[in-house]
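Please read the structure below before turning to the comments.
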Amino acid sequence: MDTPMTDTGQSKRKFWKDYDPTQKMTFVMTCFSVIYSVTTIALFFLSYAQLGYLTKDQRPWIKTFSQVTVPDKGNSLVITVGLITTGKTPAKSVVSQFFVERVKNGESPQLLSTNQAGGFSTGILFPDGTAQLAPIPYDLLSSDLDDYKQGRVFLVVYGHVGYTDIFHTQHWTNFCGFTSGKQGGYTAEKCTAYNNTDDN
């Protein structure tokens, strides 16, 4: 009894030889199309990732600063808040709100955003631009002013800034700073933790 011989390589060569040139070309073009499609998809995702990096690199960033001035006379403090734009492109549709809270040292700020002390809005802020809000008077009782000067009370100035960039992406910044009339330790951890910005 003869044993059939198996030659996989020969069978494959015969399998390829049995096709006419048009069928061979179709097979080759199909393989090429699959490789081309996979490469195109990979390049698309790579370009998308690079665009996201470029957008973040070009976006504006807004920082804030605040200052509290104690007058020589009277019980009205003067609070100044400003915005500084950094980055490579302008910030557009800028809207900010800020609040002031009196906090007894030993207690934590509430940061409820209920009593707005001031605000600011503009259509555009260019890179390295500064916008300073009009000084806001903040009245204290005589006893509260004395507590402020002695460090028994501190003031928290906090708020929120919203804006967009030239790519129409929305951004935001939360800011909080505290001040008192005397150097020392203050229970303002909640205030410092409030500072944040978006990751867009």
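Every chain in the structure tokens has a letter given in the order shown (A, B, ...), and although residue numbers restart at 1 in each chain, ligands are simply numbered from 1 in the order shown.
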
Could you make a table, as JSON lines, of the residues of stretch 111-151 of chain A that have an atom within 12 Å of an atom of stretch 162-168 of chain A, each with its nearest atom pair and distance in Å to one decimal, counting only C-alpha atoms, in chain and number order?
{"residue": "A:Gly119", "atom": "CA", "partner": "A:Gly162", "partner_atom": "CA", "distance": 11.6}
{"residue": "A:Phe120", "atom": "CA", "partner": "A:Gly162", "partner_atom": "CA", "distance": 10.5}
{"residue": "A:Ser121", "atom": "CA", "partner": "A:Gly162", "partner_atom": "CA", "distance": 9.5}
{"residue": "A:Thr122", "atom": "CA", "partner": "A:Tyr163", "partner_atom": "CA", "distance": 9.6}
{"residue": "A:Gly123", "atom": "CA", "partner": "A:Tyr163", "partner_atom": "CA", "distance": 9.3}
{"residue": "A:Ile124", "atom": "CA", "partner": "A:Tyr163", "partner_atom": "CA", "distance": 9.0}
{"residue": "A:Leu125", "atom": "CA", "partner": "A:Tyr163", "partner_atom": "CA", "distance": 9.7}
{"residue": "A:Phe126", "atom": "CA", "partner": "A:Asp165", "partner_atom": "CA", "distance": 10.7}
{"residue": "A:Pro127", "atom": "CA", "partner": "A:Asp165", "partner_atom": "CA", "distance": 11.4}

List every residue of chain A that DSSP, applied to the backbone of this structure, places in strand (DSSP E or B), and write the result as a VMD selection string.
chain A and resid 60 to 69 76 to 87 91 to 105 107 116 to 125 130 to 132 136 to 139 153 to 164 170 to 179 196 to 197

Excluding A:Gly151 and residues on its chain fewer than 4 positions from it, collect all residues at most 9 Å away from it, counting only C-alpha atoms, and give them as a short mmCIF file (atom, residue, chain, number, x, y, z; two decimals) with N, CA and C atoms, in the first residue's frame.
data_model
loop_
_atom_site.label_atom_id
_atom_site.label_comp_id
_atom_site.auth_asym_id
_atom_site.auth_seq_id
_atom_site.Cartn_x
_atom_site.Cartn_y
_atom_site.Cartn_z
N LYS A 104 -12.05 82.92 61.94
CA LYS A 104 -11.38 82.90 63.24
C LYS A 104 -10.25 81.87 63.19
N ASN A 105 -9.06 82.28 63.60
CA ASN A 105 -7.93 81.37 63.57
C ASN A 105 -8.18 80.19 64.50
N ASP A 146 -9.04 94.75 65.33
CA ASP A 146 -8.00 94.46 66.31
C ASP A 146 -7.63 92.99 66.29
N ASP A 147 -8.65 92.11 66.17
CA ASP A 147 -8.39 90.67 66.06
C ASP A 147 -7.57 90.36 64.80
N SER A 180 -3.42 88.16 57.15
CA SER A 180 -3.70 88.64 58.49
C SER A 180 -2.65 89.69 58.83
N GLY A 181 -2.90 90.41 59.89
CA GLY A 181 -2.00 91.50 60.25
C GLY A 181 -0.78 91.07 61.03
N LYS A 182 -0.61 89.76 61.26
CA LYS A 182 0.50 89.31 62.09
C LYS A 182 1.04 88.00 61.56
N GLN A 183 2.35 87.86 61.57
CA GLN A 183 2.97 86.62 61.13
C GLN A 183 2.63 85.50 62.11
N GLY A 184 2.46 84.29 61.57
CA GLY A 184 2.14 83.15 62.43
C GLY A 184 1.49 82.04 61.65
N GLY A 185 1.05 81.02 62.38
CA GLY A 185 0.38 79.89 61.75
C GLY A 185 -1.12 80.10 61.73
N TYR A 186 -1.75 79.72 60.62
CA TYR A 186 -3.19 79.91 60.46
C TYR A 186 -3.82 78.64 59.89
#

For A:Ser143: contacts at 12 Å, only C-alpha atoms, fewer than 4 positions along chain excluded, given as a PDB file with N, CA and C atoms, in the first residue's frame:
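The resulting file, result32.pdb, is shown below:
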ATOM      1  N   ASN A  75     -12.058 101.596  59.953  1.00  0.00           N
ATOM      2  CA  ASN A  75     -12.132 100.142  60.093  1.00  0.00           C
ATOM      3  C   ASN A  75     -12.373  99.442  58.748  1.00  0.00           C
ATOM      4  N   ASP A 139     -15.479  96.421  55.291  1.00  0.00           N
ATOM      5  CA  ASP A 139     -15.668  97.013  56.618  1.00  0.00           C
ATOM      6  C   ASP A 139     -15.606  95.962  57.721  1.00  0.00           C
ATOM      7  N   ASP A 147      -8.648  92.112  66.167  1.00  0.00           N
ATOM      8  CA  ASP A 147      -8.387  90.673  66.058  1.00  0.00           C
ATOM      9  C   ASP A 147      -7.566  90.364  64.800  1.00  0.00           C
ATOM     10  N   TYR A 148      -7.868  91.068  63.716  1.00  0.00           N
ATOM     11  CA  TYR A 148      -7.124  90.869  62.462  1.00  0.00           C
ATOM     12  C   TYR A 148      -5.660  91.270  62.653  1.00  0.00           C
ATOM     13  N   LYS A 149      -5.430  92.409  63.267  1.00  0.00           N
ATOM     14  CA  LYS A 149      -4.063  92.885  63.460  1.00  0.00           C
ATOM     15  C   LYS A 149      -3.276  91.975  64.385  1.00  0.00           C
ATOM     16  N   GLN A 150      -3.954  91.358  65.354  1.00  0.00           N
ATOM     17  CA  GLN A 150      -3.282  90.506  66.332  1.00  0.00           C
ATOM     18  C   GLN A 150      -3.205  89.038  65.899  1.00  0.00           C
ATOM     19  N   ARG A 152      -5.711  86.915  65.496  1.00  0.00           N
ATOM     20  CA  ARG A 152      -6.791  86.059  65.992  1.00  0.00           C
ATOM     21  C   ARG A 152      -7.824  85.793  64.895  1.00  0.00           C
ATOM     22  N   VAL A 153      -7.821  86.618  63.884  1.00  0.00           N
ATOM     23  CA  VAL A 153      -8.731  86.501  62.744  1.00  0.00           C
ATOM     24  C   VAL A 153      -7.905  86.693  61.474  1.00  0.00           C
TER      25      VAL A 153
END

Here is a test: counting only C-alpha atoms, which residue of A:Phe32, A:Phe27, A:Trp61, A:Phe99 is nearest to A:Thr86?
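Of the candidates, the smallest distance to A:Thr86 is held by A:Trp61.
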
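Coordinates place atom CA of A:Glu107 at a distance of 16.6 Å from atom CA of A:Tyr158.
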
Could you tell me which of A:Thr64, A:Ala91, A:Tyr194, A:Arg102 comes closest to A:Leu145 if we count only C-alpha atoms?
A:Arg102

Excluding same-chain residues fewer than 4 positions from A:Val100, what lies within 10 Å of it counting only C-alpha atoms, as a PyMOL selection string?
chain A and resi 79+111+113-118+138+155-159+176-178

When DSSP works through the backbone of this structure, what residues of stretch 68-181 of chain A end up as helix (DSSP H, G or I), shown as number ranges by chain?
A: 142-150

With a distance cut-off of 9 Å and only C-alpha atoms, select the neighbouring residues of A:Gln110, excluding the residue or stretch itself and same-chain residues fewer than 3 positions from it, and output the selection as a list in words.
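That gives Glu101, Val103, Ser113, Lys190 and Cys191 of chain A.
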
For the residues selected in the previous step, produce a file with N, CA and C atoms as a compact mmCIF listing (two decimals), in the first residue's frame.
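What ended up in result_4.txt:
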# COMPACT_ATOMS: atom_id res chain seq x y z
N GLU A 101 -13.98 86.20 53.03
CA GLU A 101 -14.53 85.53 54.22
C GLU A 101 -13.65 85.83 55.43
N VAL A 103 -12.38 84.67 58.95
CA VAL A 103 -12.24 83.35 59.59
C VAL A 103 -11.50 83.51 60.92
N SER A 113 -19.03 80.78 48.77
CA SER A 113 -19.30 81.62 47.59
C SER A 113 -20.70 82.23 47.63
N LYS A 190 -7.66 74.55 53.99
CA LYS A 190 -8.76 74.43 53.03
C LYS A 190 -8.63 75.48 51.93
N CYS A 191 -8.12 76.63 52.29
CA CYS A 191 -7.92 77.70 51.31
C CYS A 191 -6.83 77.32 50.31

Which residues, written as a CSV table (one decimal) with C-alpha atoms, in the first residue's frame, have at least one atom at most 10 Å from A:Thr197, with only C-alpha atoms counted and residues fewer than 3 positions away on the same chain left out?
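See part_4.csv below for the written result:
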chain,number,residue,atom,x,y,z
A,61,TRP,CA,-3.1,80.4,31.7
A,62,ILE,CA,-4.6,82.9,34.2
A,63,LYS,CA,-3.0,83.5,37.5
A,160,HIS,CA,-13.3,81.6,40.3
A,161,VAL,CA,-12.2,82.6,36.8
A,162,GLY,CA,-13.7,81.1,33.6
A,171,HIS,CA,-10.9,76.7,30.9
A,172,TRP,CA,-11.2,77.7,34.6
A,173,THR,CA,-9.0,78.7,37.6
A,174,ASN,CA,-10.0,78.6,41.3
A,175,PHE,CA,-7.9,80.8,43.5
A,194,TYR,CA,-8.9,75.3,46.9
A,200,ASN,CA,-7.6,70.9,29.1

Point-to-point distance in Å for atom CA of A:Glu189 and atom CA of A:Pro109
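Distance between the two atoms: 8.6 Å.
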
Would you compute the distance between atom CA of A:Asp72 and atom CA of A:Thr179? Give it in Å to one decimal.
17.4 Å
